Every structure is written in structure tokens, then in C-alpha cells.
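A.B. asks: See data01.pdb below, with PDB, C-alpha atoms.
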ATOM      1  CA  MET A   1       3.038 159.027 -38.425
ATOM      2  CA  SER A   2       6.029 157.973 -36.321
ATOM      3  CA  ALA A   3       7.883 154.675 -36.647
ATOM      4  CA  VAL A   4       6.569 153.571 -33.244
ATOM      5  CA  THR A   5       2.958 154.195 -34.305
ATOM      6  CA  ARG A   6       3.472 152.176 -37.514
ATOM      7  CA  ALA A   7       5.073 149.329 -35.589
ATOM      8  CA  VAL A   8       2.051 148.793 -33.306
ATOM      9  CA  PRO A   9      -0.350 147.477 -36.028
ATOM     10  CA  ARG A  10       2.440 145.266 -37.400
ATOM     11  CA  ARG A  11       3.062 143.817 -33.963
ATOM     12  CA  ARG A  12      -0.647 143.184 -33.493
ATOM     13  CA  ARG A  13      -0.898 141.453 -36.873
ATOM     14  CA  GLY A  14       2.090 139.296 -35.955
ATOM     15  CA  GLU A  15       0.467 138.351 -32.639
ATOM     16  CA  GLY A  16      -2.775 137.564 -34.468
ATOM     17  CA  ARG A  17      -0.966 135.267 -36.894
ATOM     18  CA  LYS A  18       0.751 133.484 -34.009
ATOM     19  CA  ALA A  19      -2.572 133.052 -32.229
ATOM     20  CA  LEU A  20      -4.138 131.587 -35.376
ATOM     21  CA  LEU A  21      -1.152 129.270 -35.780
ATOM     22  CA  TRP A  22      -1.503 127.940 -32.242
ATOM     23  CA  MET A  23      -5.279 127.618 -32.647
ATOM     24  CA  SER A  24      -5.056 125.961 -36.055
ATOM     25  CA  PRO A  25      -5.313 122.343 -34.779
ATOM     26  CA  TRP A  26      -8.544 123.212 -32.973
ATOM     27  CA  LEU A  27      -9.856 125.267 -35.901
ATOM     28  CA  VAL A  28      -9.162 122.443 -38.358
ATOM     29  CA  GLY A  29     -10.797 119.910 -36.061
ATOM     30  CA  PHE A  30     -13.808 122.177 -35.527
ATOM     31  CA  ALA A  31     -14.230 122.714 -39.270
ATOM     32  CA  VAL A  32     -13.769 119.068 -40.268
ATOM     33  CA  PHE A  33     -15.592 117.305 -37.432
ATOM     34  CA  PHE A  34     -18.313 119.822 -36.504
ATOM     35  CA  ALA A  35     -18.932 122.684 -38.915
ATOM     36  CA  TYR A  36     -18.835 120.635 -42.125
ATOM     37  CA  PRO A  37     -20.947 117.703 -40.782
ATOM     38  CA  LEU A  38     -23.507 120.166 -39.416
ATOM     39  CA  ALA A  39     -23.709 122.054 -42.713
ATOM     40  CA  ALA A  40     -23.967 118.753 -44.635
ATOM     41  CA  THR A  41     -26.755 117.570 -42.338
ATOM     42  CA  VAL A  42     -28.699 120.769 -42.952
ATOM     43  CA  TYR A  43     -28.169 120.367 -46.709
ATOM     44  CA  PHE A  44     -29.279 116.721 -46.786
ATOM     45  CA  SER A  45     -32.351 117.508 -44.683
ATOM     46  CA  PHE A  46     -33.788 119.250 -47.756
ATOM     47  CA  GLN A  47     -32.954 116.330 -50.034
ATOM     48  CA  ARG A  48     -34.432 112.932 -50.843
ATOM     49  CA  TYR A  49     -31.263 110.884 -50.379
ATOM     50  CA  ASP A  50     -30.816 107.097 -50.233
ATOM     51  CA  LEU A  51     -26.991 106.980 -50.486
ATOM     52  CA  PHE A  52     -27.232 106.556 -54.269
ATOM     53  CA  THR A  53     -29.592 109.212 -55.617
ATOM     54  CA  LEU A  54     -29.972 112.808 -54.529
ATOM     55  CA  GLU A  55     -33.145 114.778 -55.263
ATOM     56  CA  PHE A  56     -34.272 118.099 -53.864
ATOM     57  CA  ALA A  57     -37.331 117.596 -51.627
ATOM     58  CA  GLY A  58     -37.855 121.049 -50.148
ATOM     59  CA  LEU A  59     -39.649 120.861 -46.809
ATOM     60  CA  ASP A  60     -41.096 117.375 -47.422
ATOM     61  CA  ASN A  61     -38.821 115.762 -44.822
ATOM     62  CA  TYR A  62     -39.861 118.335 -42.228
ATOM     63  CA  ARG A  63     -43.541 117.839 -43.052
ATOM     64  CA  TYR A  64     -43.144 114.089 -42.669
ATOM     65  CA  PHE A  65     -41.442 114.675 -39.320
ATOM     66  CA  LEU A  66     -44.571 116.390 -38.023
ATOM     67  CA  GLN A  67     -46.741 113.475 -39.210
ATOM     68  CA  ASP A  68     -44.526 110.604 -38.057
ATOM     69  CA  ASP A  69     -46.179 108.989 -35.029
ATOM     70  CA  ARG A  70     -43.140 106.933 -34.099
ATOM     71  CA  VAL A  71     -40.841 109.919 -33.926
ATOM     72  CA  TRP A  72     -43.093 111.554 -31.341
ATOM     73  CA  ILE A  73     -43.147 108.312 -29.332
ATOM     74  CA  SER A  74     -39.346 108.215 -29.484
ATOM     75  CA  ILE A  75     -39.115 111.860 -28.400
ATOM     76  CA  TRP A  76     -41.418 111.196 -25.449
ATOM     77  CA  ASN A  77     -39.353 108.160 -24.380
ATOM     78  CA  THR A  78     -36.117 110.117 -24.711
ATOM     79  CA  LEU A  79     -37.441 113.041 -22.664
ATOM     80  CA  TRP A  80     -38.697 110.553 -20.047
ATOM     81  CA  LEU A  81     -35.169 109.210 -19.699
ATOM     82  CA  VAL A  82     -33.801 112.753 -19.425
ATOM     83  CA  ALA A  83     -36.346 113.725 -16.768
ATOM     84  CA  VAL A  84     -36.208 110.508 -14.703
ATOM     85  CA  MET A  85     -33.061 108.543 -15.430
ATOM     86  CA  VAL A  86     -30.578 111.437 -15.257
ATOM     87  CA  PRO A  87     -31.775 112.785 -11.862
ATOM     88  CA  ALA A  88     -31.882 109.218 -10.513
ATOM     89  CA  GLN A  89     -28.285 108.653 -11.599
ATOM     90  CA  LEU A  90     -27.118 111.940 -10.102
ATOM     91  CA  LEU A  91     -28.912 111.456  -6.787
ATOM     92  CA  PHE A  92     -27.808 107.849  -6.419
ATOM     93  CA  GLY A  93     -24.220 108.638  -7.407
ATOM     94  CA  LEU A  94     -24.110 111.560  -4.962
ATOM     95  CA  ALA A  95     -25.654 109.449  -2.181
ATOM     96  CA  VAL A  96     -23.121 106.658  -2.705
ATOM     97  CA  ALA A  97     -20.238 109.160  -2.788
ATOM     98  CA  GLN A  98     -21.514 110.795   0.417
ATOM     99  CA  PHE A  99     -21.750 107.356   2.022
ATOM    100  CA  LEU A 100     -18.171 106.504   1.035
ATOM    101  CA  THR A 101     -16.809 109.746   2.504
ATOM    102  CA  SER A 102     -18.358 108.869   5.869
ATOM    103  CA  LEU A 103     -16.734 105.429   6.112
ATOM    104  CA  LYS A 104     -13.971 105.021   8.652
ATOM    105  CA  ALA A 105     -12.807 101.617   7.443
ATOM    106  CA  GLY A 106     -13.164  99.572   4.250
ATOM    107  CA  ALA A 107     -13.648 102.630   2.032
ATOM    108  CA  GLY A 108     -11.325 101.260  -0.648
ATOM    109  CA  PHE A 109     -13.253  97.974  -0.836
ATOM    110  CA  TYR A 110     -16.634  99.678  -1.193
ATOM    111  CA  ARG A 111     -15.279 102.117  -3.777
ATOM    112  CA  THR A 112     -14.154  99.159  -5.852
ATOM    113  CA  VAL A 113     -17.508  97.391  -5.470
ATOM    114  CA  PHE A 114     -19.504 100.417  -6.608
ATOM    115  CA  TYR A 115     -17.111 101.256  -9.436
ATOM    116  CA  LEU A 116     -16.746  97.764 -10.948
ATOM    117  CA  PRO A 117     -20.127  97.743 -12.812
ATOM    118  CA  SER A 118     -19.020 100.721 -14.906
ATOM    119  CA  LEU A 119     -16.132  98.607 -16.244
ATOM    120  CA  VAL A 120     -18.446  95.923 -17.626
ATOM    121  CA  PRO A 121     -18.916  96.243 -21.421
ATOM    122  CA  VAL A 122     -22.243  97.882 -22.203
ATOM    123  CA  VAL A 123     -23.611  95.013 -24.319
ATOM    124  CA  ALA A 124     -22.589  92.313 -21.843
ATOM    125  CA  GLY A 125     -23.943  94.289 -18.895
ATOM    126  CA  THR A 126     -27.278  94.942 -20.621
ATOM    127  CA  VAL A 127     -27.744  91.295 -21.635
ATOM    128  CA  SER A 128     -26.946  90.137 -18.099
ATOM    129  CA  PHE A 129     -29.299  92.710 -16.609
ATOM    130  CA  VAL A 130     -32.185  91.596 -18.826
ATOM    131  CA  PHE A 131     -31.712  87.994 -17.712
ATOM    132  CA  VAL A 132     -31.445  89.017 -14.054
ATOM    133  CA  MET A 133     -34.701  90.995 -14.357
ATOM    134  CA  ASN A 134     -36.725  88.517 -16.398
ATOM    135  CA  PRO A 135     -40.022  87.344 -14.810
ATOM    136  CA  SER A 136     -38.411  84.288 -13.201
ATOM    137  CA  GLY A 137     -35.020  85.886 -12.670
ATOM    138  CA  PRO A 138     -33.074  86.479  -9.451
ATOM    139  CA  LEU A 139     -34.515  89.958  -8.820
ATOM    140  CA  ASN A 140     -38.130  88.806  -8.890
ATOM    141  CA  GLN A 141     -37.215  85.783  -6.771
ATOM    142  CA  ILE A 142     -35.805  88.128  -4.133
ATOM    143  CA  LEU A 143     -38.976  90.220  -4.303
ATOM    144  CA  ASP A 144     -41.039  87.039  -3.811
ATOM    145  CA  LEU A 145     -39.292  86.498  -0.467
ATOM    146  CA  PHE A 146     -40.924  89.726   0.709
ATOM    147  CA  GLY A 147     -44.326  88.829  -0.746
ATOM    148  CA  ILE A 148     -43.922  91.139  -3.745
ATOM    149  CA  THR A 149     -44.807  89.898  -7.206
ATOM    150  CA  GLY A 150     -42.148  91.242  -9.527
ATOM    151  CA  PRO A 151     -43.186  92.595 -12.938
ATOM    152  CA  ASP A 152     -42.001  91.524 -16.368
ATOM    153  CA  TRP A 153     -39.448  94.330 -16.425
ATOM    154  CA  PHE A 154     -38.513  94.336 -20.088
ATOM    155  CA  GLY A 155     -41.654  92.654 -21.407
ATOM    156  CA  ASP A 156     -44.159  95.145 -19.976
ATOM    157  CA  LYS A 157     -44.360  98.602 -21.533
ATOM    158  CA  ASN A 158     -45.081 100.138 -18.130
ATOM    159  CA  TRP A 159     -41.882  98.772 -16.585
ATOM    160  CA  SER A 160     -39.386  98.799 -19.457
ATOM    161  CA  LYS A 161     -38.173 102.381 -18.930
ATOM    162  CA  PRO A 162     -37.899 101.928 -15.117
ATOM    163  CA  GLY A 163     -35.884  98.798 -15.914
ATOM    164  CA  LEU A 164     -33.506 100.845 -18.055
ATOM    165  CA  THR A 165     -33.281 103.383 -15.232
ATOM    166  CA  LEU A 166     -32.225 100.656 -12.784
ATOM    167  CA  LEU A 167     -29.631  99.531 -15.315
ATOM    168  CA  ALA A 168     -28.281 103.091 -15.496
ATOM    169  CA  MET A 169     -28.159 103.381 -11.702
ATOM    170  CA  TRP A 170     -26.263 100.099 -11.508
ATOM    171  CA  GLY A 171     -23.509 101.574 -13.663
ATOM    172  CA  ILE A 172     -23.000 104.886 -11.851
ATOM    173  CA  GLY A 173     -19.330 104.170 -11.116
ATOM    174  CA  ASN A 174     -17.914 107.071 -13.123
ATOM    175  CA  THR A 175     -20.434 109.572 -11.756
ATOM    176  CA  MET A 176     -19.823 108.308  -8.229
ATOM    177  CA  MET A 177     -16.051 108.754  -8.550
ATOM    178  CA  ILE A 178     -16.451 112.321  -9.835
ATOM    179  CA  PHE A 179     -18.709 113.219  -6.911
ATOM    180  CA  LEU A 180     -16.388 111.452  -4.473
ATOM    181  CA  ALA A 181     -13.426 113.529  -5.624
ATOM    182  CA  ALA A 182     -15.496 116.704  -5.295
ATOM    183  CA  LEU A 183     -16.742 115.823  -1.799
ATOM    184  CA  LEU A 184     -13.245 115.015  -0.554
ATOM    185  CA  ASP A 185     -12.135 118.439  -1.802
ATOM    186  CA  VAL A 186     -14.648 120.361   0.352
ATOM    187  CA  PRO A 187     -12.710 122.210   3.097
ATOM    188  CA  LYS A 188     -13.216 120.469   6.440
ATOM    189  CA  HIS A 189     -13.013 123.689   8.428
ATOM    190  CA  LEU A 190     -16.291 124.863   6.862
ATOM    191  CA  TYR A 191     -18.100 121.852   8.322
ATOM    192  CA  GLU A 192     -16.448 122.394  11.694
ATOM    193  CA  ALA A 193     -17.457 126.060  11.779
ATOM    194  CA  ALA A 194     -21.027 125.211  10.794
ATOM    195  CA  ALA A 195     -21.222 122.502  13.469
ATOM    196  CA  ILE A 196     -20.054 124.987  16.087
ATOM    197  CA  ASP A 197     -22.819 127.366  14.970
ATOM    198  CA  GLY A 198     -25.342 124.567  15.512
ATOM    199  CA  ALA A 199     -26.040 123.681  11.869
ATOM    200  CA  GLY A 200     -27.448 120.208  11.362
ATOM    201  CA  ALA A 201     -26.422 117.649   8.763
ATOM    202  CA  TRP A 202     -28.996 118.815   6.199
ATOM    203  CA  ARG A 203     -28.099 122.486   6.724
ATOM    204  CA  ARG A 204     -24.395 121.713   6.254
ATOM    205  CA  PHE A 205     -25.160 119.754   3.101
ATOM    206  CA  ARG A 206     -27.430 122.499   1.740
ATOM    207  CA  SER A 207     -25.236 125.476   2.577
ATOM    208  CA  ILE A 208     -21.725 124.042   2.244
ATOM    209  CA  THR A 209     -21.623 120.830   0.225
ATOM    210  CA  LEU A 210     -23.969 121.736  -2.616
ATOM    211  CA  PRO A 211     -22.532 125.207  -3.357
ATOM    212  CA  THR A 212     -18.977 123.862  -3.208
ATOM    213  CA  ILE A 213     -19.570 120.948  -5.572
ATOM    214  CA  SER A 214     -22.018 122.832  -7.830
ATOM    215  CA  PRO A 215     -19.528 123.019 -10.764
ATOM    216  CA  VAL A 216     -19.086 119.236 -10.623
ATOM    217  CA  LEU A 217     -22.820 118.779 -10.267
ATOM    218  CA  MET A 218     -23.396 120.992 -13.304
ATOM    219  CA  PHE A 219     -20.836 119.033 -15.347
ATOM    220  CA  SER A 220     -22.424 115.708 -14.389
ATOM    221  CA  ALA A 221     -25.928 116.983 -15.151
ATOM    222  CA  VAL A 222     -24.976 118.359 -18.574
ATOM    223  CA  THR A 223     -23.056 115.236 -19.604
ATOM    224  CA  GLY A 224     -25.848 113.050 -18.219
ATOM    225  CA  VAL A 225     -28.491 114.872 -20.267
ATOM    226  CA  ILE A 226     -26.378 114.621 -23.426
ATOM    227  CA  CYS A 227     -25.828 110.897 -22.849
ATOM    228  CA  ALA A 228     -29.557 110.372 -22.242
ATOM    229  CA  LEU A 229     -30.401 112.193 -25.471
ATOM    230  CA  GLN A 230     -27.978 109.842 -27.255
ATOM    231  CA  TYR A 231     -29.278 106.749 -25.440
ATOM    232  CA  PHE A 232     -29.004 103.912 -27.922
ATOM    233  CA  THR A 233     -27.069 100.746 -27.101
ATOM    234  CA  GLN A 234     -28.702  99.720 -23.823
ATOM    235  CA  ALA A 235     -32.245 100.281 -25.097
ATOM    236  CA  MET A 236     -31.548  98.511 -28.394
ATOM    237  CA  ILE A 237     -29.908  95.463 -26.783
ATOM    238  CA  ALA A 238     -32.519  95.217 -24.021
ATOM    239  CA  SER A 239     -35.425  95.301 -26.479
ATOM    240  CA  ARG A 240     -33.799  92.705 -28.737
ATOM    241  CA  VAL A 241     -32.963  90.311 -25.910
ATOM    242  CA  ALA A 242     -36.395  90.690 -24.306
ATOM    243  CA  ALA A 243     -38.072  90.092 -27.676
ATOM    244  CA  GLY A 244     -35.811  87.131 -28.451
ATOM    245  CA  VAL A 245     -34.711  88.649 -31.774
ATOM    246  CA  THR A 246     -31.234  88.377 -33.293
ATOM    247  CA  ASP A 247     -29.768  90.728 -35.860
ATOM    248  CA  SER A 248     -29.793  88.149 -38.637
ATOM    249  CA  PRO A 249     -29.815  88.898 -42.389
ATOM    250  CA  GLY A 250     -33.285  89.853 -43.544
ATOM    251  CA  SER A 251     -34.434  90.766 -40.048
ATOM    252  CA  SER A 252     -37.128  93.437 -40.049
ATOM    253  CA  PHE A 253     -37.080  94.058 -36.298
ATOM    254  CA  VAL A 254     -38.237  97.547 -35.347
ATOM    255  CA  PRO A 255     -36.597  98.760 -32.106
ATOM    256  CA  GLY A 256     -38.682  99.678 -29.111
ATOM    257  CA  TYR A 257     -40.012  96.375 -27.749
ATOM    258  CA  PRO A 258     -42.357  96.147 -25.921
ATOM    259  CA  GLU A 259     -44.877  98.304 -27.808
ATOM    260  CA  LEU A 260     -42.297 100.982 -28.678
ATOM    261  CA  SER A 261     -41.807 101.769 -24.987
ATOM    262  CA  THR A 262     -37.998 101.650 -25.284
ATOM    263  CA  LEU A 263     -37.778 103.400 -28.654
ATOM    264  CA  THR A 264     -35.493 106.415 -28.309
ATOM    265  CA  LEU A 265     -34.830 109.139 -30.860
ATOM    266  CA  PRO A 266     -31.289 107.899 -31.704
ATOM    267  CA  GLN A 267     -32.693 104.411 -32.358
ATOM    268  CA  TRP A 268     -35.344 105.738 -34.710
ATOM    269  CA  LEU A 269     -32.763 107.939 -36.418
ATOM    270  CA  PHE A 270     -30.553 104.876 -36.975
ATOM    271  CA  HIS A 271     -33.476 102.820 -38.228
ATOM    272  CA  VAL A 272     -34.741 105.319 -40.808
ATOM    273  CA  GLY A 273     -31.196 106.178 -41.897
ATOM    274  CA  PHE A 274     -29.428 102.825 -42.073
ATOM    275  CA  ARG A 275     -32.341 100.393 -42.387
ATOM    276  CA  ASP A 276     -34.808 102.358 -44.525
ATOM    277  CA  PHE A 277     -32.014 104.425 -46.178
ATOM    278  CA  THR A 278     -34.007 107.657 -45.955
ATOM    279  CA  MET A 279     -30.991 109.781 -45.171
ATOM    280  CA  GLY A 280     -32.773 113.065 -45.777
ATOM    281  CA  TYR A 281     -35.330 112.343 -43.086
ATOM    282  CA  ALA A 282     -32.596 110.979 -40.809
ATOM    283  CA  SER A 283     -30.813 114.324 -41.193
ATOM    284  CA  VAL A 284     -33.933 116.081 -39.916
ATOM    285  CA  LEU A 285     -33.962 113.816 -36.853
ATOM    286  CA  ALA A 286     -30.265 114.506 -36.300
ATOM    287  CA  LEU A 287     -30.908 118.253 -36.351
ATOM    288  CA  VAL A 288     -33.776 117.850 -33.881
ATOM    289  CA  LEU A 289     -31.485 115.863 -31.587
ATOM    290  CA  PHE A 290     -28.768 118.509 -31.871
ATOM    291  CA  ALA A 291     -31.226 121.339 -31.151
ATOM    292  CA  ALA A 292     -32.610 119.489 -28.113
ATOM    293  CA  ALA A 293     -29.117 118.936 -26.707
ATOM    294  CA  MET A 294     -28.209 122.599 -27.183
ATOM    295  CA  LEU A 295     -31.461 123.856 -25.666
ATOM    296  CA  LEU A 296     -31.342 121.607 -22.589
ATOM    297  CA  THR A 297     -27.669 122.391 -22.037
ATOM    298  CA  LEU A 298     -28.356 126.138 -22.113
ATOM    299  CA  VAL A 299     -31.270 125.719 -19.689
ATOM    300  CA  LEU A 300     -29.110 123.722 -17.270
ATOM    301  CA  LEU A 301     -26.271 126.228 -17.446
ATOM    302  CA  ARG A 302     -28.637 129.117 -16.688
ATOM    303  CA  ARG A 303     -30.268 127.240 -13.813
ATOM    304  CA  PHE A 304     -26.934 126.357 -12.213
ATOM    305  CA  ARG A 305     -25.698 129.921 -12.680
ATOM    306  CA  ALA A 306     -28.835 131.241 -10.963
ATOM    307  CA  PHE A 307     -28.351 128.715  -8.145
ATOM    308  CA  ALA A 308     -24.723 129.795  -7.688
ATOM    309  CA  ASP A 309     -25.749 133.470  -7.641
ATOM    310  CA  ASP A 310     -28.475 132.808  -5.044
ATOM    311  CA  GLU A 311     -26.095 130.886  -2.804
ATOM    312  CA  GLY A 312     -23.436 133.571  -3.156
ATOM    313  CA  GLY A 313     -25.952 136.258  -2.218
ATOM    314  CA  SER A 314     -27.272 134.325   0.778
ATOM    315  CA  ARG A 315     -23.760 133.898   2.121
TER     316      ARG A 315
END
Could you rewrite the structure in this file as C-alpha cells?
C.D. replies:
Amino acid sequence: MSAVTRAVPRRRRGEGRKALLWMSPWLVGFAVFFAYPLAATVYFSFQRYDLFTLEFAGLDNYRYFLQDDRVWISIWNTLWLVAVMVPAQLLFGLAVAQFLTSLKAGAGFYRTVFYLPSLVPVVAGTVSFVFVMNPSGPLNQILDLFGITGPDWFGDKNWSKPGLTLLAMWGIGNTMMIFLAALLDVPKHLYEAAAIDGAGAWRRFRSITLPTISPVLMFSAVTGVICALQYFTQAMIASRVAAGVTDSPGSSFVPGYPELSTLTLPQWLFHVGFRDFTMGYASVLALVLFAAAMLLTLVLLRRFRAFADDEGGSR
């Protein structure tokens, strides 16, 4: 074996060590903040753990998961938010961004107006929104001017989730800005060529705008679904304010008012983990939440990839 041949594996090993050295911050972060917590969650899901005692429970936590009525209610509410609230946010944010790109004057003012709600602290914004949408609040008073009797938004189980959806649409500033940047980056000559060919506004939007901004749309959809699966603060604060309950010592308030209609999976996970101190069962719920996020993300990525392939083939 020649000296050159022996030097090649050594060079490759040296390059591998350098690559590991440069990747070490990420590898350490991945191990400490993802791999270890995930492995610990799996381990605790088979235990009966209350922060003080640890006892092997086998599949008892998983069996209880299948029998827990409230967890299925929370899953249904969470999936409702994913299926309704996320598309509503995306469509409204895209519509507002499209509107802002068409303005000839005052665009900066309207951008500020639509973006400002996203700067309001989540708790303060939710509390204000609940008061605005109470039965005698400003929103229902405006509806009365048109002869419409407004509902008890956060006191009626049939309207509580639509109320949370309106709250989410009110705070679409970040999504709107992302879409606005993507729309302004679409080449103008493509629209001009399509207009010359006789394409209408909808055809230009369908064949030019959507394919061009599809990566941004995919990013917003994936992050929106993950945020909806983790939906906690707004639903918790809204249910507490609507129920008139404060988080005082000895409070036994169960989230989800009215009638568990705003109970999401993260809320129930928090309740069983940090109120009931059944950490083993909470670990099961955490794994379910993680699996749901992974599954929905993979589905979205495949759907957007298929959409991109179809558009590329049609062009």
C-alpha cells in the first residue's frame, strides 16, 4: 500500500473530526434539550410518579389514557383549533397582505395598524378580548345596530372556540408580515406577462402567486399547526376570565369553561401534571402531543411537496 493510499483514510478521519467539532454545539444542544427529555418522558410514562415517589406502573398510564373522557374532549378541541383556527389565520393573513400590496398610498399606516395587535402581551390581549366580546360588550352592541343579537362568546360552549378563533385572527400581525414580504418578492414581470396573455386576477393568483410563495405558505402552515397543538395561554386565560375565577391558593378550577369547550390537550397535560401531580400520566399526554405534531407536520410537508410538483408539471 502506497503512502498516498494510506494518507487518504487519515485525511478523511481528520475531516470527520473537524466536522464533529463544528457540529458539537448543535449535537450537545440536541442531546441535552431534545434527546434526553424525550427519553425521560418515555421512561416516566411507564412509572407512577408524583415528584417524590417513583413506582413502575407498566401500561397502566396508557390504559388510563384510553379511558379518560376529558383527554378525548381536549384532543377534539385541539384538533378543532388546528382544522379551523389555523386555516382562518392563514387565509386572513394572506388576504390582508394581498390588500396591503395593492395600496398606492398609506401602506405604511395600514401595515402598522394590522401589526400592532401582535405586539400586545398575550394575557393582556386575551383579557381585553373577553371583555370586548362579553354579552353586553362593544362587539355585541355593534351587532345590535344591524339587528343581530350577539351570543355570549366565552360563556356559551357553542361559541367559545369561534371566539378564540377571532382572537387568533386579531393577532395575525406576524403571519401577515411574513406573507407581505413573500408577496413583494414575487417578480412583477410574471404578472405582466400573464396579463398580456389575458389571465385574470384569480388565474394570476393561482398560477403565479401561490406557487411562488408556497415555501412561505408551508412554513406558516407548519408553525401554525404546531402553535395550535400547543395552544394554552389564550384558552386558559379566556376560560378563567369568563368564569370569573382567579388563581388563588386552594383553587380547584378545572380549565375548559364553559363545559370543557375550551379545554385543550396542553391545558389538560398541565393540570394532571402540575395540579394532580400524576407525572407519569402527564408524560403519556406529552408523548401523544409530540406524536400528533410530528404526524401533522409530515402530512403538511408531503401535501405541499405534491402541490409544488403539480404546479411545476403544469408549467
A.B. asks: Taking the file as I've supplied it (selection: the PyMOL selection byres ((chain A and resi 85) around 9)), which residues are included? Please answer as a PyMOL selection string.
C.D. replies: chain A and resi 80-84+86-90+161-162+164-166+168-169+224+228
A.B. asks: Write out the residues from the selection above, keeping C-alpha atoms, as a short mmCIF file (atom, residue, chain, number, x, y, z; two decimals), in the coordinates of the input.
C.D. replies:
data_model
loop_
_atom_site.label_atom_id
_atom_site.label_comp_id
_atom_site.auth_asym_id
_atom_site.auth_seq_id
_atom_site.Cartn_x
_atom_site.Cartn_y
_atom_site.Cartn_z
CA TRP A 80 -38.70 110.55 -20.05
CA LEU A 81 -35.17 109.21 -19.70
CA VAL A 82 -33.80 112.75 -19.42
CA ALA A 83 -36.35 113.72 -16.77
CA VAL A 84 -36.21 110.51 -14.70
CA VAL A 86 -30.58 111.44 -15.26
CA PRO A 87 -31.78 112.78 -11.86
CA ALA A 88 -31.88 109.22 -10.51
CA GLN A 89 -28.28 108.65 -11.60
CA LEU A 90 -27.12 111.94 -10.10
CA LYS A 161 -38.17 102.38 -18.93
CA PRO A 162 -37.90 101.93 -15.12
CA LEU A 164 -33.51 100.84 -18.06
CA THR A 165 -33.28 103.38 -15.23
CA LEU A 166 -32.22 100.66 -12.78
CA ALA A 168 -28.28 103.09 -15.50
CA MET A 169 -28.16 103.38 -11.70
CA GLY A 224 -25.85 113.05 -18.22
CA ALA A 228 -29.56 110.37 -22.24
#
A.B. asks: Take the PyMOL selection byres ((chain A and resi 55) around 12), run it mentally on this structure, and tell me the resulting residues as a list in words.
C.D. replies: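 Applying the expression gives Tyr43, Phe44, Ser45, Phe46, Gln47, Arg48, Tyr49, Asp50, Leu51, Phe52, Thr53, Leu54, Phe56, Ala57, Gly58, Asp60, Asn61, Thr278, Met279 and Gly280 of chain A.
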A.B. asks: Residues near Ala286 of chain A, anyone? I mean within 10 Å using all atoms listed in the file, not counting same-chain ones fewer than 5 positions away, as number ranges by chain.
C.D. replies: A: 38, 41-42, 45, 265-266, 269-270, 280-281, 291-292
A.B. asks: Do a neighbour search on segment 120-125 of chain A at 9 Å with only C-alpha atoms, toss out local chain neighbours closer than 5 positions, and write the hits as a list in words.
C.D. replies: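 My reading of the contact set: Val130, Leu167, Gly171, Thr233, Gln234, Ile237 and Ala238 of chain A.
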A.B. asks: I'd like the residues picked by the PyMOL selection byres ((chain A and resi 262) around 12) written out as an mmCIF file with C-alpha atoms, in the frame of the given file, using the chain letters and numbers from the file.
C.D. replies:
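Output file out.cif follows:
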data_model
loop_
_atom_site.group_PDB
_atom_site.id
_atom_site.type_symbol
_atom_site.label_atom_id
_atom_site.label_comp_id
_atom_site.auth_asym_id
_atom_site.auth_seq_id
_atom_site.Cartn_x
_atom_site.Cartn_y
_atom_site.Cartn_z
ATOM 1 C CA ARG A 70 -43.140 106.933 -34.099
ATOM 2 C CA ILE A 73 -43.147 108.312 -29.332
ATOM 3 C CA SER A 74 -39.346 108.215 -29.484
ATOM 4 C CA ILE A 75 -39.115 111.860 -28.400
ATOM 5 C CA TRP A 76 -41.418 111.196 -25.449
ATOM 6 C CA ASN A 77 -39.353 108.160 -24.380
ATOM 7 C CA THR A 78 -36.117 110.117 -24.711
ATOM 8 C CA LEU A 79 -37.441 113.041 -22.664
ATOM 9 C CA TRP A 80 -38.697 110.553 -20.047
ATOM 10 C CA LEU A 81 -35.169 109.210 -19.699
ATOM 11 C CA TRP A 153 -39.448 94.330 -16.425
ATOM 12 C CA PHE A 154 -38.513 94.336 -20.088
ATOM 13 C CA GLY A 155 -41.654 92.654 -21.407
ATOM 14 C CA ASP A 156 -44.159 95.145 -19.976
ATOM 15 C CA LYS A 157 -44.360 98.602 -21.533
ATOM 16 C CA ASN A 158 -45.081 100.138 -18.130
ATOM 17 C CA TRP A 159 -41.882 98.772 -16.585
ATOM 18 C CA SER A 160 -39.386 98.799 -19.457
ATOM 19 C CA LYS A 161 -38.173 102.381 -18.930
ATOM 20 C CA PRO A 162 -37.899 101.928 -15.117
ATOM 21 C CA GLY A 163 -35.884 98.798 -15.914
ATOM 22 C CA LEU A 164 -33.506 100.845 -18.055
ATOM 23 C CA THR A 165 -33.281 103.383 -15.232
ATOM 24 C CA TYR A 231 -29.278 106.749 -25.440
ATOM 25 C CA PHE A 232 -29.004 103.912 -27.922
ATOM 26 C CA THR A 233 -27.069 100.746 -27.101
ATOM 27 C CA GLN A 234 -28.702 99.720 -23.823
ATOM 28 C CA ALA A 235 -32.245 100.281 -25.097
ATOM 29 C CA MET A 236 -31.548 98.511 -28.394
ATOM 30 C CA ILE A 237 -29.908 95.463 -26.783
ATOM 31 C CA ALA A 238 -32.519 95.217 -24.021
ATOM 32 C CA SER A 239 -35.425 95.301 -26.479
ATOM 33 C CA ARG A 240 -33.799 92.705 -28.737
ATOM 34 C CA ALA A 242 -36.395 90.690 -24.306
ATOM 35 C CA ALA A 243 -38.072 90.092 -27.676
ATOM 36 C CA VAL A 254 -38.237 97.547 -35.347
ATOM 37 C CA PRO A 255 -36.597 98.760 -32.106
ATOM 38 C CA GLY A 256 -38.682 99.678 -29.111
ATOM 39 C CA TYR A 257 -40.012 96.375 -27.749
ATOM 40 C CA PRO A 258 -42.357 96.147 -25.921
ATOM 41 C CA GLU A 259 -44.877 98.304 -27.808
ATOM 42 C CA LEU A 260 -42.297 100.982 -28.678
ATOM 43 C CA SER A 261 -41.807 101.769 -24.987
ATOM 44 C CA LEU A 263 -37.778 103.400 -28.654
ATOM 45 C CA THR A 264 -35.493 106.415 -28.309
ATOM 46 C CA LEU A 265 -34.830 109.139 -30.860
ATOM 47 C CA PRO A 266 -31.289 107.899 -31.704
ATOM 48 C CA GLN A 267 -32.693 104.411 -32.358
ATOM 49 C CA TRP A 268 -35.344 105.738 -34.710
#
A.B. asks: Please compute the atom CA of Leu183 of chain A-atom CA of Thr101 of chain A distance, one decimal, in Å.
C.D. replies: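 Interatomic distance here is 7.4 Å.
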A.B. asks: Have a look at atom CA of Glu192 of chain A and atom CA of Ala97 of chain A and let me know their distance in Å, one decimal.
C.D. replies: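 About the pair atom CA of Glu192 of chain A and atom CA of Ala97 of chain A: they are 20.0 Å apart.
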A.B. asks: Quick one: distance from atom CA of Thr112 of chain A to atom CA of Ala182 of chain A in Å, one decimal?
C.D. replies: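 Taking atom CA of Thr112 of chain A and atom CA of Ala182 of chain A, their separation equals 17.6 Å.
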A.B. asks: Report, as JSON, the axis-aligned box around all atoms of segment 54-63 of chain A present in the file, extended by 4 Å on each side; give centre and edge lengths in Å to one decimal place.
C.D. replies:
{"center_x": -36.8, "center_y": 116.9, "center_z": -48.7, "size_x": 21.6, "size_y": 16.2, "size_z": 21.0}
A.B. asks: Determine, counting only C-alpha atoms, which protein, DNA and RNA residues have an atom within 12 Å of an atom of segment 139-143 of chain A; residues of the same chain fewer than 3 positions away are not included. Present the result as a VMD selection string.
C.D. replies: chain A and resid 128 to 136 146 to 153 163 166
A.B. asks: Taking all atoms listed in the file into account, name the residue in A:Ala105, A:Leu190, A:Ala31, A:Leu180 that is nearest to Gly93 of chain A.
C.D. replies: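 Of the candidates, the smallest distance to Gly93 of chain A is held by A:Leu180.
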